[in-house]
Amino acid sequence: MSDNNVMKGTAGTGLLLLSAIVLVVSFGFVMYNLTVYGHASFNVSSSLPWGQPISTYLYFALASSGLGLIAALPLVFGFKQYYGIAKRSIFLAFIILISGMAVLALELGHPFRMLWAIPLNMQIQSAMFWMGVFYAADLLFLLWKFQKMESGEWDSKATRTIGIASFLGVLLASGTLALIFGMMSMRPFWFDGSLPIYFYLTAITSGMAALVFFSYLAYGFDRSRMPERMQSAFTGGLPKLFAAVLGLTVLFVGVRAITGLYSNHPEVYHVWADYLFASPVYVLSVLFGLIVPFLLMLVPKLRVQSQIQVLVAILAFGGLFAERYFFVVGGQVVPLFKGTWAWDMIQYSPSAAEWGLTIMGSAMFFTLYVLGEKYFNLSAVPEQLAATETPGAPEKATA
Amino acid sequence: MAKWGMVIDLDKCTGCQACTTACAMENNTLPGESWQDVLFYHEGEYPTAQMKWLPRPCMQCESPSCVYVCPTRATYKDDEAGGIVFVDWNKCIGCKYCMIACPYGVRFYADEQPLVEPDIRDVYPGENGQMWSPPYQNPEQDWRRGIGIQPKGVVSKCTFCHHRVSKAPEGVADLDEDDPELVEYVPACVRTCAPKARYFGDLDNPESNVNRLIGDKHGVRLLDHTGNRPQVYYLGAGAGVPAFRPRNSRRGD
């Protein structure tokens with residue numbers, strides 16, 4: 001089955017070379033800028049300290065969490081029809097989190113100091129402390145779980161325990177990441193106790209987009225070359241789940257927008273009316289990155305088509321990347337405590353070095369992805385399952 | 001130990017920015033890195049339009065949100081130093097979460113694009129770990145408290161001129177720049193204030209002048225609803241900053 005995986009052949013080698021070159025060049029570009037100009041090569045400022053590098057980290061970290069939650073369907077909740085996508089989900093979750101952490105490290109003023117200063121000072125009141133703890137645990141559990149799968153140990157008691165621990169780790173990590181923003185009462189655009197729910201939903205949406213795109217990529221965008229168990233997942237329940245999480249994401253964005261536009265609170269209203277909806281990029285990203293994909297996935301005949309699934313995945317990548325960007329920047333565009341001294345909202349657009357970081361993270365992810373496809377069988381399922389069950393039939397019936 | 005507090009009388013402040021300049025000279029801050037600043041803003045429209053200004057140091061909050069969010073305890077409130085909130089530049093990782101969490105916008109990450117050209121950091125390149133090293137600089141350096149010229153990649157802020165205040169005689173109720181015995185211990189912004197709009201003293205001492213002023217003249221703390229409870233109080237009419245309004249808002253206000 002794995003012979004059909006084009007990443008194991010010359011196409012994969014080509015993509016690996018291309019990704020590696022982009023990774024080296026973008027890393028070199030970012031390091032040159034950081035060495036020569038420092039963080040002055042970023043367009044962030046003391047008035048708007050978190051820019052695209054932070055939103056890129058958020059995008060990667062939440063896509064990783066989404067993939068972890070999707071993998072929990074078969075590994076924790078026993079939906080065995082999804083075993084075919086479990087191992088790839090875990091692997092993608094691991095490498096996308098690594099890539100996100102690399103981007104974050106280069107955004108920080110002192111990344112190496114973080115390694116000792118956070119554990120030694122135990123500031124348990126800080127959400128950022130807990131985010132570090134939970135994402136570190138998440139990373140370890142993902143690695144451990146992948147190692148168990150690699151050794152063929154899918155269903156042992158230890159594997160199930162690790163699976164449950166990993167699931168909880170993902171929930172805690174992405175939930176805490178949400179609360180880094182959601183607990184900031186001085187930033188009313190973010191201040192929202194239900195933000196973890198929004199993050200879970202959008203995490204699954206971006207995780208699903210990644211799973212769909214990279215599963216298809218592995219088989220040259222030809223579903224008939226996939227193992228049967230994967231095919232049945234992509235024609236069965238997964239497209240419905242994709243449609244559902246896209247719909248819930250649209251609903252959540254809509255509810256936040258309505259609340260914001262209705263509010264008299266200047267630090268919420270102006271963000272929605274005069275920053276987000278005043279930006280054609282934001283409007284287009286919501287329209288073509290969330291609403292159109294949702295509508296496409298609503299139609300039963302369309303959502304099972306492989307081309308539509310890949311298209312929706314690509315659109316959702318863009319839509320959610322923009323959503324993260326506008327969420328992070330939107331919370332800071334109203335100048336803090338300056339009143340009418342500030343004439344307008346803070347202007348920010350990412351610099352070349354900041355784009356370089358985003359490209360570096362993406363290239364790192366692609367490089368690790370091709371290596372993973374080359375050296376592991378990411379479509380593997382438990383041996384006894386592959387041998388004893390006829391895959392696909394029930395899912396196809398419900399498609 | 002004293003709990004240092006500042007009282008700023010807006011009815012006396014002329015908005016001359018001498019405090020901002022004195023702070024920059026004392027602490028060798030960069031252009032734009034205004035640990036102390038005076039905000040100028042307008043409120044209302046003709047015929048009730050007002051021009052206002054508000055001096056704004058770090059509020060040295062009693063419940064500082066910046067301290068709670070710092071993942072490394074680099075930002076900390078030192079009760080032994082009068083309740084001043086410091087940044088330990090040896091521990092700061094430059095995550096800037098404290099800048100997100102401060103409601104008053106009084107924290108700075110100076111490793112950013114220069115406000116004015118030429119970039120003074122290029123004119124006086126940094127030595128011995130400093131971000132920049134001007135030939136004239138305050139000899140007082142204490143990186144554990146964020147005093148001096150910072151290294152790259154850390155957050156900086158007003159320290160209530162701890163390097164001066166900490167040398168004051170034990171038990172003193174107020175640091176009054178008119179008292180020749182105490183003038184050297186007064187924060188730079190207070191000492192330089194020509195109309196004497198600023199007062200500095202011990203909020204824990206019932207006999208202090210700052211407490212008397214807060215009590216008698218109805219001192220208020222800004223953004224009190226955030227619960228940060230500043231150790232800086234304002235007297236006089238119009239203590240507060242009006243809400244932000246972009247010039248071309250869709251709402252038309």
# chains A, B, ... in the order shown; residues from 1 in each chain; ligands from 1
call {"tool": "interface_residues", "arguments": {"of": "chain B", "to": "chain A", "cutoff": "8 Å", "atoms": "only C-alpha atoms", "output": "MDAnalysis selection string"}}
result
chainID B and resid 39:43 68:73 91:96 99:105 107:114 152:154 226 241:247 249:250
call {"tool": "select_by_dssp", "arguments": {"residues": "range 80-218 of chain B", "states": "alpha helix (DSSP H)", "output": "short mmCIF file (atom, residue, chain, number, x, y, z; two decimals) with all heavy atoms, in the first residue's frame"}}
result
data_model
loop_
_atom_site.label_atom_id
_atom_site.label_comp_id
_atom_site.auth_asym_id
_atom_site.auth_seq_id
_atom_site.Cartn_x
_atom_site.Cartn_y
_atom_site.Cartn_z
N TYR B 97 4.70 39.75 27.10
CA TYR B 97 3.35 39.52 27.64
C TYR B 97 2.99 40.61 28.65
O TYR B 97 1.84 41.03 28.73
CB TYR B 97 3.30 38.13 28.29
CG TYR B 97 1.91 37.58 28.56
CD1 TYR B 97 0.77 38.16 28.00
CD2 TYR B 97 1.74 36.46 29.35
CE1 TYR B 97 -0.49 37.63 28.24
CE2 TYR B 97 0.49 35.92 29.60
CZ TYR B 97 -0.63 36.52 29.04
OH TYR B 97 -1.88 36.00 29.28
N CYS B 98 3.98 41.11 29.40
CA CYS B 98 3.71 42.17 30.37
C CYS B 98 3.23 43.44 29.67
O CYS B 98 2.41 44.19 30.22
CB CYS B 98 4.95 42.46 31.21
SG CYS B 98 6.40 42.90 30.24
N MET B 99 3.73 43.65 28.45
CA MET B 99 3.32 44.84 27.71
C MET B 99 1.87 44.71 27.25
O MET B 99 1.15 45.70 27.14
CB MET B 99 4.24 45.06 26.50
CG MET B 99 5.67 45.32 26.91
SD MET B 99 6.82 45.21 25.54
CE MET B 99 6.35 46.66 24.63
N ILE B 100 1.47 43.49 26.98
CA ILE B 100 0.07 43.22 26.64
C ILE B 100 -0.81 43.45 27.87
O ILE B 100 -1.91 43.99 27.78
CB ILE B 100 -0.07 41.76 26.15
CG1 ILE B 100 0.66 41.54 24.83
CG2 ILE B 100 -1.53 41.34 26.06
CD1 ILE B 100 0.03 42.17 23.63
N ALA B 101 -0.29 43.04 29.04
CA ALA B 101 -1.13 43.00 30.24
C ALA B 101 -1.18 44.33 31.00
O ALA B 101 -2.04 44.50 31.87
CB ALA B 101 -0.63 41.90 31.18
N ILE B 120 20.07 56.57 17.30
CA ILE B 120 21.12 56.90 18.28
C ILE B 120 21.89 55.65 18.72
O ILE B 120 23.04 55.73 19.16
CB ILE B 120 20.50 57.65 19.48
CG1 ILE B 120 21.57 58.44 20.23
CG2 ILE B 120 19.76 56.71 20.40
CD1 ILE B 120 21.03 59.46 21.20
N ARG B 121 21.28 54.49 18.52
CA ARG B 121 21.98 53.24 18.86
C ARG B 121 23.12 52.97 17.88
O ARG B 121 24.09 52.29 18.22
CB ARG B 121 20.99 52.07 18.85
CG ARG B 121 19.96 52.16 19.96
CD ARG B 121 18.85 51.16 19.76
NE ARG B 121 18.11 51.43 18.53
CZ ARG B 121 16.96 50.83 18.22
NH1 ARG B 121 16.45 49.92 19.03
NH2 ARG B 121 16.33 51.11 17.10
N ASP B 122 22.98 53.50 16.64
CA ASP B 122 24.08 53.36 15.69
C ASP B 122 25.17 54.40 15.96
O ASP B 122 26.35 54.17 15.71
CB ASP B 122 23.56 53.54 14.25
CG ASP B 122 22.62 52.42 13.86
OD1 ASP B 122 22.72 51.33 14.47
OD2 ASP B 122 21.78 52.63 12.97
N VAL B 123 24.75 55.54 16.47
CA VAL B 123 25.71 56.61 16.77
C VAL B 123 26.60 56.20 17.95
O VAL B 123 27.81 56.41 17.94
CB VAL B 123 24.97 57.93 17.07
CG1 VAL B 123 25.95 59.04 17.42
CG2 VAL B 123 24.10 58.34 15.89
N HIS B 162 14.51 54.29 41.58
CA HIS B 162 14.89 53.53 42.77
C HIS B 162 16.33 53.81 43.20
O HIS B 162 16.65 53.82 44.39
CB HIS B 162 14.71 52.04 42.50
CG HIS B 162 15.23 51.16 43.61
ND1 HIS B 162 14.57 51.00 44.80
CD2 HIS B 162 16.37 50.43 43.72
CE1 HIS B 162 15.26 50.21 45.58
NE2 HIS B 162 16.36 49.83 44.95
N HIS B 163 17.20 54.03 42.19
CA HIS B 163 18.61 54.28 42.52
C HIS B 163 18.78 55.54 43.36
O HIS B 163 19.78 55.70 44.05
CB HIS B 163 19.45 54.36 41.24
CG HIS B 163 18.95 55.37 40.26
ND1 HIS B 163 17.85 55.17 39.45
CD2 HIS B 163 19.39 56.62 39.97
CE1 HIS B 163 17.65 56.24 38.69
NE2 HIS B 163 18.57 57.15 38.99
N ARG B 164 17.83 56.45 43.31
CA ARG B 164 17.88 57.65 44.15
C ARG B 164 17.08 57.44 45.44
O ARG B 164 17.57 57.68 46.55
CB ARG B 164 17.27 58.85 43.39
CG ARG B 164 18.01 59.22 42.12
CD ARG B 164 17.20 60.21 41.30
NE ARG B 164 17.25 61.54 41.90
CZ ARG B 164 18.02 62.53 41.47
NH1 ARG B 164 18.80 62.35 40.43
NH2 ARG B 164 18.03 63.70 42.07
N VAL B 165 15.85 56.95 45.24
CA VAL B 165 14.92 56.82 46.36
C VAL B 165 15.47 55.87 47.44
O VAL B 165 15.29 56.10 48.64
CB VAL B 165 13.56 56.32 45.82
CG1 VAL B 165 12.61 55.96 46.94
CG2 VAL B 165 12.94 57.37 44.90
N ALA B 188 13.63 61.86 39.54
CA ALA B 188 14.00 62.96 38.62
C ALA B 188 12.79 63.75 38.16
O ALA B 188 12.84 64.99 38.08
CB ALA B 188 14.74 62.37 37.41
N CYS B 189 11.67 63.07 37.88
CA CYS B 189 10.50 63.78 37.36
C CYS B 189 9.90 64.69 38.43
O CYS B 189 9.38 65.77 38.12
CB CYS B 189 9.45 62.78 36.87
SG CYS B 189 8.88 61.61 38.11
N VAL B 190 9.97 64.28 39.69
CA VAL B 190 9.42 65.09 40.79
C VAL B 190 10.34 66.29 41.04
O VAL B 190 9.88 67.43 41.20
CB VAL B 190 9.29 64.24 42.07
CG1 VAL B 190 8.74 65.08 43.22
CG2 VAL B 190 8.39 63.03 41.83
N ARG B 191 11.63 66.01 41.03
CA ARG B 191 12.59 67.07 41.35
C ARG B 191 12.55 68.20 40.32
O ARG B 191 12.69 69.37 40.66
CB ARG B 191 14.00 66.47 41.39
CG ARG B 191 15.05 67.49 41.73
CD ARG B 191 16.41 66.88 41.90
NE ARG B 191 17.41 67.92 42.14
CZ ARG B 191 18.69 67.68 42.32
NH1 ARG B 191 19.15 66.44 42.30
NH2 ARG B 191 19.53 68.66 42.54
N THR B 192 12.31 67.84 39.07
CA THR B 192 12.40 68.85 38.02
C THR B 192 11.11 69.61 37.79
O THR B 192 11.08 70.60 37.07
CB THR B 192 12.84 68.18 36.70
OG1 THR B 192 13.41 69.15 35.84
CG2 THR B 192 11.66 67.55 35.98
N ASN B 209 2.75 63.78 53.62
CA ASN B 209 2.04 64.80 52.85
C ASN B 209 1.25 64.19 51.70
O ASN B 209 0.15 64.66 51.36
CB ASN B 209 3.07 65.82 52.31
CG ASN B 209 2.40 67.02 51.68
OD1 ASN B 209 1.39 67.50 52.20
ND2 ASN B 209 2.94 67.51 50.57
N VAL B 210 1.78 63.13 51.10
CA VAL B 210 1.05 62.50 49.98
C VAL B 210 -0.30 61.96 50.48
O VAL B 210 -1.33 62.10 49.80
CB VAL B 210 1.87 61.38 49.28
CG1 VAL B 210 2.95 61.98 48.41
CG2 VAL B 210 2.45 60.39 50.27
N ASN B 211 -0.31 61.35 51.66
CA ASN B 211 -1.59 60.86 52.19
C ASN B 211 -2.55 62.01 52.49
O ASN B 211 -3.75 61.91 52.24
CB ASN B 211 -1.35 60.03 53.46
CG ASN B 211 -1.02 58.58 53.14
OD1 ASN B 211 -1.48 58.06 52.13
ND2 ASN B 211 -0.22 57.96 53.99
N ARG B 212 -2.01 63.11 53.03
CA ARG B 212 -2.85 64.26 53.35
C ARG B 212 -3.48 64.83 52.07
O ARG B 212 -4.68 65.13 52.01
CB ARG B 212 -2.01 65.34 54.03
CG ARG B 212 -2.84 66.52 54.57
CD ARG B 212 -1.94 67.60 55.16
NE ARG B 212 -1.01 68.16 54.19
CZ ARG B 212 -1.37 69.06 53.24
NH1 ARG B 212 -2.61 69.46 53.15
NH2 ARG B 212 -0.47 69.52 52.40
N LEU B 213 -2.65 64.92 51.01
CA LEU B 213 -3.16 65.45 49.73
C LEU B 213 -4.24 64.55 49.14
O LEU B 213 -5.27 65.02 48.65
CB LEU B 213 -2.00 65.59 48.73
CG LEU B 213 -1.02 66.73 49.00
CD1 LEU B 213 0.25 66.54 48.14
CD2 LEU B 213 -1.67 68.07 48.68
N ILE B 214 -3.99 63.23 49.18
CA ILE B 214 -4.97 62.28 48.61
C ILE B 214 -6.29 62.39 49.38
O ILE B 214 -7.37 62.44 48.79
CB ILE B 214 -4.43 60.82 48.68
CG1 ILE B 214 -3.21 60.67 47.76
CG2 ILE B 214 -5.52 59.82 48.30
CD1 ILE B 214 -2.41 59.40 48.00
N GLY B 215 -6.18 62.49 50.71
CA GLY B 215 -7.39 62.58 51.54
C GLY B 215 -8.11 63.91 51.38
O GLY B 215 -9.33 63.95 51.19
N ASP B 216 -7.36 65.00 51.45
CA ASP B 216 -8.00 66.33 51.45
C ASP B 216 -8.45 66.76 50.06
O ASP B 216 -9.44 67.48 49.91
CB ASP B 216 -7.01 67.39 51.98
CG ASP B 216 -6.77 67.21 53.48
OD1 ASP B 216 -7.45 66.35 54.07
OD2 ASP B 216 -5.90 67.92 54.03
#
call {"tool": "residues_around", "arguments": {"residues": "range 301-310 of chain A", "least_positions_apart": "2", "cutoff": "9 Å", "atoms": "only C-alpha atoms", "output": "PyMOL selection string"}}
result
chain A and resi 209+212-213+216+221-223+234-236+239-240+243+293+296-299+312-315+399
call {"tool": "atom_distance", "arguments": {"atom1": "CA of Tyr76 in chain B", "atom2": "CA of Asp88 in chain B"}}
result
7.9 Å
call {"tool": "residues_around", "arguments": {"residues": "Phe365 in chain A", "least_positions_apart": "2", "cutoff": "12 Å", "atoms": "only C-alpha atoms", "output": "ChimeraX atom specification"}}
result
/A:15-16,19-20,22-23,60,63-64,91-103,210,214,358-363,367-372
call {"tool": "residues_around", "arguments": {"residues": "Val281 in chain A", "least_positions_apart": "5", "cutoff": "12 Å", "atoms": "only C-alpha atoms", "output": "compact mmCIF listing (two decimals) with N, CA and C atoms, in the first residue's frame"}}
result
# COMPACT_ATOMS: atom_id res chain seq x y z
N TYR A 275 -11.37 48.36 11.83
CA TYR A 275 -10.15 47.64 11.49
C TYR A 275 -10.49 46.37 10.69
N LEU A 276 -11.24 45.45 11.31
CA LEU A 276 -11.49 44.17 10.65
C LEU A 276 -12.36 44.33 9.41
N VAL A 286 -12.62 35.85 5.40
CA VAL A 286 -13.80 35.23 6.02
C VAL A 286 -14.68 34.62 4.93
N LEU A 287 -14.83 35.36 3.84
CA LEU A 287 -15.72 34.91 2.76
C LEU A 287 -15.17 33.64 2.09
N PHE A 288 -13.93 33.75 1.60
CA PHE A 288 -13.38 32.64 0.82
C PHE A 288 -12.59 31.65 1.66
N GLY A 289 -12.25 32.03 2.88
CA GLY A 289 -11.49 31.11 3.73
C GLY A 289 -12.35 30.33 4.69
N GLY A 318 -5.71 29.39 4.30
CA GLY A 318 -5.64 30.85 4.16
C GLY A 318 -6.58 31.55 5.12
N GLY A 319 -7.80 31.05 5.19
CA GLY A 319 -8.82 31.68 6.04
C GLY A 319 -8.42 31.68 7.50
N PHE A 321 -5.31 31.23 8.73
CA PHE A 321 -4.08 32.01 8.95
C PHE A 321 -4.45 33.47 9.14
N ALA A 322 -5.35 33.95 8.26
CA ALA A 322 -5.80 35.35 8.38
C ALA A 322 -6.56 35.55 9.69
N GLU A 323 -7.38 34.58 10.05
CA GLU A 323 -8.17 34.69 11.28
C GLU A 323 -7.24 34.85 12.50
N TYR A 325 -4.13 35.95 12.45
CA TYR A 325 -3.43 37.23 12.32
C TYR A 325 -4.32 38.38 12.80
N PHE A 326 -5.54 38.41 12.29
CA PHE A 326 -6.42 39.53 12.65
C PHE A 326 -6.87 39.44 14.10
N SER A 349 1.79 46.22 9.52
CA SER A 349 1.79 45.15 8.52
C SER A 349 3.14 44.47 8.65
call {"tool": "select_by_dssp", "arguments": {"residues": "range 4-249 of chain B", "states": "strand (DSSP E or B)", "output": "ChimeraX atom specification"}}
result
/B:4-9,37-43,50-56,75-78,84-87,108,125,132,142,147,156,174,198-202,220,232-235
call {"tool": "residues_around", "arguments": {"residues": "range 74-79 of chain A", "least_positions_apart": "4", "cutoff": "7 Å", "atoms": "only C-alpha atoms", "output": "ChimeraX atom specification"}}
result
/A:83,86,160,163-164
call {"tool": "residues_around", "arguments": {"residues": "range 5-21 of chain B", "least_positions_apart": "2", "cutoff": "8 Å", "atoms": "only C-alpha atoms", "output": "ChimeraX atom specification"}}
result
/B:3,23-25,34-38,53-55,188-190,192-203,210,213-214,219,231-239
call {"tool": "closest_residue", "arguments": {"among": "B:Gln50, B:Asn28, B:Gln60, B:Gln150", "to": "Arg229 in chain B", "atoms": "only C-alpha atoms"}}
result
B:Gln60
call {"tool": "closest_residue", "arguments": {"among": "A:Leu73, A:Leu172, A:Gly84, A:Gly356", "to": "Gly28 in chain A", "atoms": "only C-alpha atoms"}}
result
A:Gly356
call {"tool": "atom_distance", "arguments": {"atom1": "CA of Val106 in chain B", "atom2": "CA of Asn90 in chain B"}}
result
20.2 Å
